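A.B. asks: Let me begin by handing over the structure; questions about it come next.
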Amino acid sequence: MGNIIVFGASGQLGQCLQAVAPEKNIDNIYFLTKSEANILDNISLQATFQKYEPVYCINCAAYTAVDKAEDEPETARQLNRDAVENLSQYCRAFNTTLVHVSTDFVFSGTGYLPLTETDATEPINIYGLTKLEGEQIIPQYLTSYYILRTSWLYSEYGNNFVKTMLRFGRERPELKVIWDQVGTPTYAVDLARCILTIIKQGSQHYGIYHYSNEGLTSWYDFAKNIFELSKIPANVIPVRTAEYITKAVRPAYSVMDKAKIKQHLNIEVPYWRDSLAKCLEKLNN
Ligand SMILES: NC(=O)C1=CN([C@@H]2O[C@H](COP(=O)(O)OP(=O)(O)OC[C@H]3O[C@@H](n4cnc5c(N)ncnc54)[C@H](OP(=O)(O)O)[C@@H]3O)[C@@H](O)[C@H]2O)C=CC1
Ligand SMILES: Cc1cn([C@H]2C[C@H](O)[C@@H](COP(=O)(O)OP(=O)(O)O[C@H]3O[C@@H](C)C(=O)[C@@H](O)[C@H]3O)O2)c(=O)[nH]c1=O
């Protein structure tokens, strides 16, 4: 297989890919941090594509600060939409398949049934809107692309809800966590394995796919499980969304249906609590 390049390599998913690449026996994969390859900078992108002539490009770079995006929509848009357009142009010029990562936040969250890839999108915050714009630009340049929508990513790397809860649970006498937002956590290591499996099998079933862990939960139940599995006696109080004020609105229901990725790409999906236990074992050791 030819070269694979990864943008945003120092982020959470980028580090997970780096951790799982050896187990998939992939060695021609190149991990590029922002200082090595800036996806906002055409000169940097051109030099990168010329150097590696990649067969696959995995984009882990994104603007992911959901609340902050409300205050700086143009900065979020530059990374989540404009840079994705740049990348798509280079992928087309170099005949590279793009693997791009998107989010459950492209949906409004007003439904109550698992969301499929063809369900109508309707973002309710700036982050979700700019990620949707990024999704929509890709097919204008490419036919060979995978857009993987995922949700509630966590891992032993970077910043995420699991690490925040472990910190709060040790520092605070009690913590309030929203129970009326439902979704599915995703262990970013599982997503990294999924991405490399898709690439290794060389399938050409391109398009949009949903990938999260299996099952569903609320943020409150997620927090309770984090503490139970970690044996931390935290006092977690369930609160409604209206009682926990955040700058950005978040979807109330964003459970995604994984039937398509299981059927078309033969991806196995671990249950969320099993994966959480694996991650916590690493974090708590
Ligand atoms: N985190 C989550 O809960 C979820 C994430 N997603 C999506 O998954 C993907 C990966 O997310 P995650 O790993 O958590 O994100 P992170 O925020 O951990 O990582 C994003 C990375 O992008 C890098 N980056 C920023 N600007 C540039 C640039 N101009 N050029 C190159 N790299 C840049 C950052 O580098 P630096 O740190 O140096 O600025 C950082 O390493 C994203 O597309 C995200 O939208 C989807 C659902 C849930
Ligand atoms: C820290 C904390 C959060 N919450 C709530 C707020 C929010 O509704 C939910 C998660 O909060 P966080 O800020 O950790 O996570 P958030 O940034 O909302 O997570 C999202 O990130 C983007 C990038 C995505 O793409 C989404 O899939 C999703 O993972 O939990 C509490 O109720 N209590 C708390 O103490």
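So you can find residues: chains in the structure tokens are A, B, ... in the order shown, residues in each start at 1, and ligands are numbered from 1 in order.
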Grab me every residue within 8 Å of ligand 1, counting only C-alpha atoms and all ligand atoms, and send it over as a ChimeraX atom specification.
C.D. replies: /A:7-15,32-35,37-41,59-65,79-80,83,100-105,131,149-154,158-161,186,188
A.B. asks: Could you write those residues out with N, CA and C atoms, as a CSV table (one decimal), in the first residue's frame?
C.D. replies:
```csv
chain,number,residue,atom,x,y,z
A,7,PHE,N,-3.3,14.4,9.3
A,7,PHE,CA,-3.2,15.8,9.8
A,7,PHE,C,-3.8,15.9,11.2
A,8,GLY,N,-3.3,16.8,12.0
A,8,GLY,CA,-3.8,17.0,13.4
A,8,GLY,C,-3.3,15.9,14.3
A,9,ALA,N,-2.1,15.5,14.1
A,9,ALA,CA,-1.6,14.3,14.8
A,9,ALA,C,-1.4,14.4,16.3
A,10,SER,N,-1.3,15.6,16.8
A,10,SER,CA,-1.2,15.8,18.2
A,10,SER,C,-2.5,15.9,19.0
A,11,GLY,N,-3.6,15.8,18.3
A,11,GLY,CA,-4.9,15.8,18.9
A,11,GLY,C,-5.3,14.4,19.5
A,12,GLN,N,-6.4,14.4,20.1
A,12,GLN,CA,-6.9,13.1,20.7
A,12,GLN,C,-6.9,11.9,19.7
A,13,LEU,N,-7.6,12.1,18.6
A,13,LEU,CA,-7.7,11.0,17.6
A,13,LEU,C,-6.4,10.7,16.9
A,14,GLY,N,-5.7,11.8,16.7
A,14,GLY,CA,-4.3,11.6,16.0
A,14,GLY,C,-3.4,10.7,16.9
A,15,GLN,N,-3.5,11.0,18.2
A,15,GLN,CA,-2.6,10.2,19.1
A,15,GLN,C,-3.1,8.7,19.2
A,32,LEU,N,1.4,14.0,11.2
A,32,LEU,CA,1.9,15.4,11.0
A,32,LEU,C,1.2,16.3,12.0
A,33,THR,N,1.9,17.0,12.8
A,33,THR,CA,1.3,18.0,13.7
A,33,THR,C,1.1,19.3,13.0
A,34,LYS,N,0.4,20.2,13.7
A,34,LYS,CA,0.1,21.5,13.0
A,34,LYS,C,1.4,22.2,12.6
A,35,SER,N,2.4,22.1,13.4
A,35,SER,CA,3.7,22.8,13.0
A,35,SER,C,4.4,22.1,11.8
A,37,ALA,N,2.5,20.4,9.4
A,37,ALA,CA,1.6,20.5,8.2
A,37,ALA,C,0.4,21.3,8.7
A,38,ASN,N,0.3,22.5,8.3
A,38,ASN,CA,-0.8,23.4,8.7
A,38,ASN,C,-1.9,23.4,7.6
A,39,ILE,N,-3.1,22.8,7.9
A,39,ILE,CA,-4.1,22.6,6.8
A,39,ILE,C,-4.7,23.9,6.4
A,40,LEU,N,-4.4,25.0,7.1
A,40,LEU,CA,-4.9,26.3,6.6
A,40,LEU,C,-4.0,27.0,5.6
A,41,ASP,N,-2.8,26.4,5.5
A,41,ASP,CA,-1.7,27.0,4.7
A,41,ASP,C,-1.5,26.2,3.4
A,59,ASN,N,-7.9,13.2,8.1
A,59,ASN,CA,-7.9,14.5,8.7
A,59,ASN,C,-8.5,14.4,10.1
A,60,CYS,N,-7.6,14.6,11.0
A,60,CYS,CA,-7.9,14.6,12.5
A,60,CYS,C,-7.9,16.1,13.0
A,61,ALA,N,-7.6,17.0,12.1
A,61,ALA,CA,-7.5,18.4,12.6
A,61,ALA,C,-8.9,19.0,12.5
A,62,ALA,N,-9.2,19.8,13.6
A,62,ALA,CA,-10.5,20.4,13.6
A,62,ALA,C,-10.5,21.4,14.7
A,63,TYR,N,-11.5,22.3,14.7
A,63,TYR,CA,-11.8,23.2,15.8
A,63,TYR,C,-12.9,22.5,16.6
A,64,THR,N,-12.5,22.1,17.8
A,64,THR,CA,-13.5,21.3,18.6
A,64,THR,C,-14.0,21.9,19.9
A,65,ALA,N,-13.6,23.2,20.1
A,65,ALA,CA,-14.1,23.9,21.3
A,65,ALA,C,-15.5,24.4,21.1
A,79,LEU,N,-11.2,26.4,10.0
A,79,LEU,CA,-10.7,25.1,10.2
A,79,LEU,C,-11.6,23.9,9.8
A,80,ASN,N,-12.9,24.1,10.1
A,80,ASN,CA,-13.9,23.0,9.9
A,80,ASN,C,-14.5,23.0,8.5
A,83,ALA,N,-10.5,24.9,5.5
A,83,ALA,CA,-9.3,24.0,5.4
A,83,ALA,C,-9.7,22.6,4.8
A,100,HIS,N,-12.3,11.7,6.5
A,100,HIS,CA,-12.6,12.9,7.3
A,100,HIS,C,-13.5,12.5,8.4
A,101,VAL,N,-13.3,13.3,9.6
A,101,VAL,CA,-14.1,12.9,10.7
A,101,VAL,C,-15.1,14.0,11.0
A,102,SER,N,-16.4,13.7,11.2
A,102,SER,CA,-17.4,14.7,11.5
A,102,SER,C,-18.1,14.2,12.8
A,103,THR,N,-19.3,14.8,13.1
A,103,THR,CA,-19.9,14.8,14.4
A,103,THR,C,-21.4,14.5,14.5
A,104,ASP,N,-21.8,14.0,15.6
A,104,ASP,CA,-23.3,13.9,15.8
A,104,ASP,C,-23.9,15.3,16.0
A,105,PHE,N,-23.1,16.3,16.2
A,105,PHE,CA,-23.7,17.7,16.4
A,105,PHE,C,-24.1,18.3,15.1
A,131,LYS,N,-19.0,22.1,11.0
A,131,LYS,CA,-18.6,20.7,10.7
A,131,LYS,C,-19.5,20.2,9.5
A,149,ARG,N,-18.9,10.1,10.8
A,149,ARG,CA,-19.5,10.9,11.9
A,149,ARG,C,-19.4,10.1,13.2
A,150,THR,N,-18.9,10.8,14.2
A,150,THR,CA,-18.7,10.1,15.5
A,150,THR,C,-19.3,11.0,16.6
A,151,SER,N,-19.3,10.4,17.9
A,151,SER,CA,-19.9,11.2,19.0
A,151,SER,C,-19.1,11.0,20.3
A,152,TRP,N,-19.1,12.0,21.1
A,152,TRP,CA,-18.7,11.9,22.5
A,152,TRP,C,-17.4,11.2,22.6
A,153,LEU,N,-16.4,11.6,21.9
A,153,LEU,CA,-15.0,10.9,21.9
A,153,LEU,C,-14.3,11.1,23.2
A,154,TYR,N,-13.7,10.1,23.6
A,154,TYR,CA,-12.8,10.1,24.8
A,154,TYR,C,-11.7,9.1,24.6
A,158,GLY,N,-5.3,13.6,25.2
A,158,GLY,CA,-6.0,14.9,25.0
A,158,GLY,C,-7.0,15.2,26.1
A,159,ASN,N,-7.9,16.2,25.7
A,159,ASN,CA,-8.9,16.6,26.7
A,159,ASN,C,-10.3,15.9,26.3
A,160,ASN,N,-11.0,15.4,27.3
A,160,ASN,CA,-12.3,14.9,27.1
A,160,ASN,C,-13.1,14.7,28.3
A,161,PHE,N,-14.4,14.4,28.2
A,161,PHE,CA,-15.3,14.3,29.3
A,161,PHE,C,-14.8,13.3,30.4
A,186,THR,N,-17.8,7.3,22.5
A,186,THR,CA,-17.0,6.6,21.6
A,186,THR,C,-15.5,6.6,22.1
A,188,ALA,N,-12.0,6.7,21.4
A,188,ALA,CA,-11.3,7.2,20.2
A,188,ALA,C,-10.3,6.1,19.7
```
A.B. asks: Run DSSP on the backbone and grab whatever in range 21-227 of chain A lands in strand (DSSP E); send it over as a short mmCIF file (atom, residue, chain, number, x, y, z; two decimals) with N, CA and C atoms, in the first residue's frame.
C.D. replies:
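Writing the result to selection-v5.cif gives the following:
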```
data_model
loop_
_atom_site.label_atom_id
_atom_site.label_comp_id
_atom_site.auth_asym_id
_atom_site.auth_seq_id
_atom_site.Cartn_x
_atom_site.Cartn_y
_atom_site.Cartn_z
N ILE A 29 2.76 5.11 7.46
CA ILE A 29 1.80 6.13 7.88
C ILE A 29 2.58 7.25 8.56
N TYR A 30 2.29 8.49 8.16
CA TYR A 30 3.09 9.64 8.63
C TYR A 30 2.19 10.59 9.41
N PHE A 31 2.57 10.85 10.65
CA PHE A 31 1.77 11.64 11.57
C PHE A 31 2.29 13.08 11.59
N LEU A 32 1.44 14.01 11.17
CA LEU A 32 1.90 15.39 11.00
C LEU A 32 1.16 16.32 11.96
N TYR A 56 -3.84 7.69 0.96
CA TYR A 56 -4.90 8.09 1.90
C TYR A 56 -4.45 9.30 2.71
N CYS A 57 -5.39 10.18 3.01
CA CYS A 57 -5.14 11.31 3.90
C CYS A 57 -6.22 11.24 4.99
N ILE A 58 -5.79 11.16 6.25
CA ILE A 58 -6.75 11.12 7.37
C ILE A 58 -6.73 12.49 8.03
N ASN A 59 -7.89 13.16 8.05
CA ASN A 59 -7.93 14.50 8.66
C ASN A 59 -8.46 14.45 10.08
N THR A 97 -7.40 9.35 -1.41
CA THR A 97 -8.70 9.15 -0.75
C THR A 97 -8.68 9.88 0.60
N LEU A 98 -9.70 10.70 0.82
CA LEU A 98 -9.77 11.48 2.07
C LEU A 98 -10.62 10.75 3.10
N VAL A 99 -10.07 10.59 4.30
CA VAL A 99 -10.86 10.08 5.43
C VAL A 99 -11.04 11.26 6.38
N HIS A 100 -12.26 11.72 6.49
CA HIS A 100 -12.56 12.92 7.28
C HIS A 100 -13.49 12.55 8.44
N VAL A 101 -13.35 13.25 9.56
CA VAL A 101 -14.14 12.92 10.75
C VAL A 101 -15.13 14.04 11.04
N SER A 102 -16.40 13.66 11.21
CA SER A 102 -17.42 14.65 11.55
C SER A 102 -18.14 14.22 12.83
N THR A 103 -19.29 14.81 13.09
CA THR A 103 -19.86 14.75 14.44
C THR A 103 -21.38 14.54 14.46
N TYR A 145 -13.96 9.37 -0.90
CA TYR A 145 -13.83 9.92 0.45
C TYR A 145 -14.68 9.11 1.42
N TYR A 146 -14.24 9.10 2.67
CA TYR A 146 -15.07 8.59 3.76
C TYR A 146 -15.27 9.73 4.74
N ILE A 147 -16.52 10.00 5.10
CA ILE A 147 -16.80 10.93 6.20
C ILE A 147 -17.37 10.09 7.33
N LEU A 148 -16.63 10.03 8.43
CA LEU A 148 -17.09 9.23 9.57
C LEU A 148 -17.64 10.18 10.63
N ARG A 149 -18.95 10.12 10.83
CA ARG A 149 -19.54 10.91 11.93
C ARG A 149 -19.43 10.11 13.22
N THR A 150 -18.88 10.75 14.24
CA THR A 150 -18.75 10.07 15.51
C THR A 150 -19.28 10.96 16.63
N LEU A 153 -16.35 11.61 21.87
CA LEU A 153 -15.03 10.94 21.86
C LEU A 153 -14.31 11.10 23.18
N TYR A 154 -13.69 10.06 23.62
CA TYR A 154 -12.84 10.13 24.81
C TYR A 154 -11.72 9.11 24.65
N LEU A 175 -20.76 17.01 42.02
CA LEU A 175 -20.79 17.60 40.68
C LEU A 175 -22.13 17.36 40.03
N LYS A 176 -22.54 18.36 39.26
CA LYS A 176 -23.84 18.30 38.60
C LYS A 176 -23.62 17.89 37.15
N VAL A 177 -24.37 16.88 36.71
CA VAL A 177 -24.21 16.44 35.32
C VAL A 177 -25.58 16.24 34.67
N ILE A 178 -25.68 16.72 33.44
CA ILE A 178 -26.93 16.69 32.67
C ILE A 178 -27.39 15.26 32.39
N VAL A 182 -28.94 12.60 25.59
CA VAL A 182 -28.66 11.18 25.38
C VAL A 182 -27.85 10.99 24.10
N GLY A 183 -26.85 10.13 24.19
CA GLY A 183 -26.02 9.85 23.01
C GLY A 183 -25.20 8.60 23.25
N THR A 186 -17.80 7.32 22.53
CA THR A 186 -16.97 6.56 21.59
C THR A 186 -15.52 6.61 22.07
N TYR A 187 -14.97 5.45 22.30
CA TYR A 187 -13.56 5.35 22.68
C TYR A 187 -12.75 5.66 21.41
N GLY A 207 -18.34 7.29 1.02
CA GLY A 207 -19.52 8.04 1.46
C GLY A 207 -19.50 8.38 2.93
N ILE A 208 -20.68 8.72 3.44
CA ILE A 208 -20.83 9.10 4.86
C ILE A 208 -21.21 7.86 5.67
N TYR A 209 -20.56 7.71 6.83
CA TYR A 209 -20.87 6.60 7.74
C TYR A 209 -20.96 7.10 9.17
N HIS A 210 -21.82 6.45 9.96
CA HIS A 210 -21.88 6.73 11.39
C HIS A 210 -21.06 5.68 12.14
N THR A 217 -26.50 6.26 26.31
CA THR A 217 -26.49 6.68 27.71
C THR A 217 -26.71 8.19 27.77
N SER A 218 -26.85 8.70 28.98
CA SER A 218 -26.87 10.16 29.17
C SER A 218 -25.51 10.58 29.73
#
```
A.B. asks: Any idea what's packed within 6 Å of Pro123 in chain A, counting only C-alpha atoms, ignoring anything in its chain fewer than 5 positions away? Could you give it as a list in words?
C.D. replies: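 After dropping sequence-adjacent residues, the list is Val106, Phe107, Ser108, Gly128 and Leu129 of chain A.
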A.B. asks: Go through A:Pro185, A:Gly2, A:Gly215, A:Gly134 and flag the residue nearest Arg81 in chain A, using only C-alpha atoms for the distances.
C.D. replies: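 For Arg81 in chain A, the nearest of the given residues is A:Gly134.
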A.B. asks: Rank A:Ile124, A:Ile232, A:Leu265, A:Ile199 by their smallest atom-to-atom distance to Arg172 in chain A, using only C-alpha atoms, and report the top residue only.
C.D. replies: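 Closest residue, counting only C-alpha atoms: A:Ile232.
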A.B. asks: Compare A:Tyr112, A:Tyr253, A:Tyr206, A:Phe49 by their minimum atom-to-atom distance to ligand 2, counting only C-alpha atoms and all ligand atoms, and give me the closest one.
C.D. replies: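 Of A:Tyr112, A:Tyr253, A:Tyr206, A:Phe49, the one nearest ligand 2, counting only C-alpha atoms and all ligand atoms, is A:Tyr253.
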A.B. asks: Have a look at A:Glu133, A:Asp119, A:Asp190, A:Glu174 and name the one nearest to Val20 in chain A; count only C-alpha atoms.
C.D. replies: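 Looking only at the distances to Val20 in chain A, the closest residue turns out to be A:Asp190.
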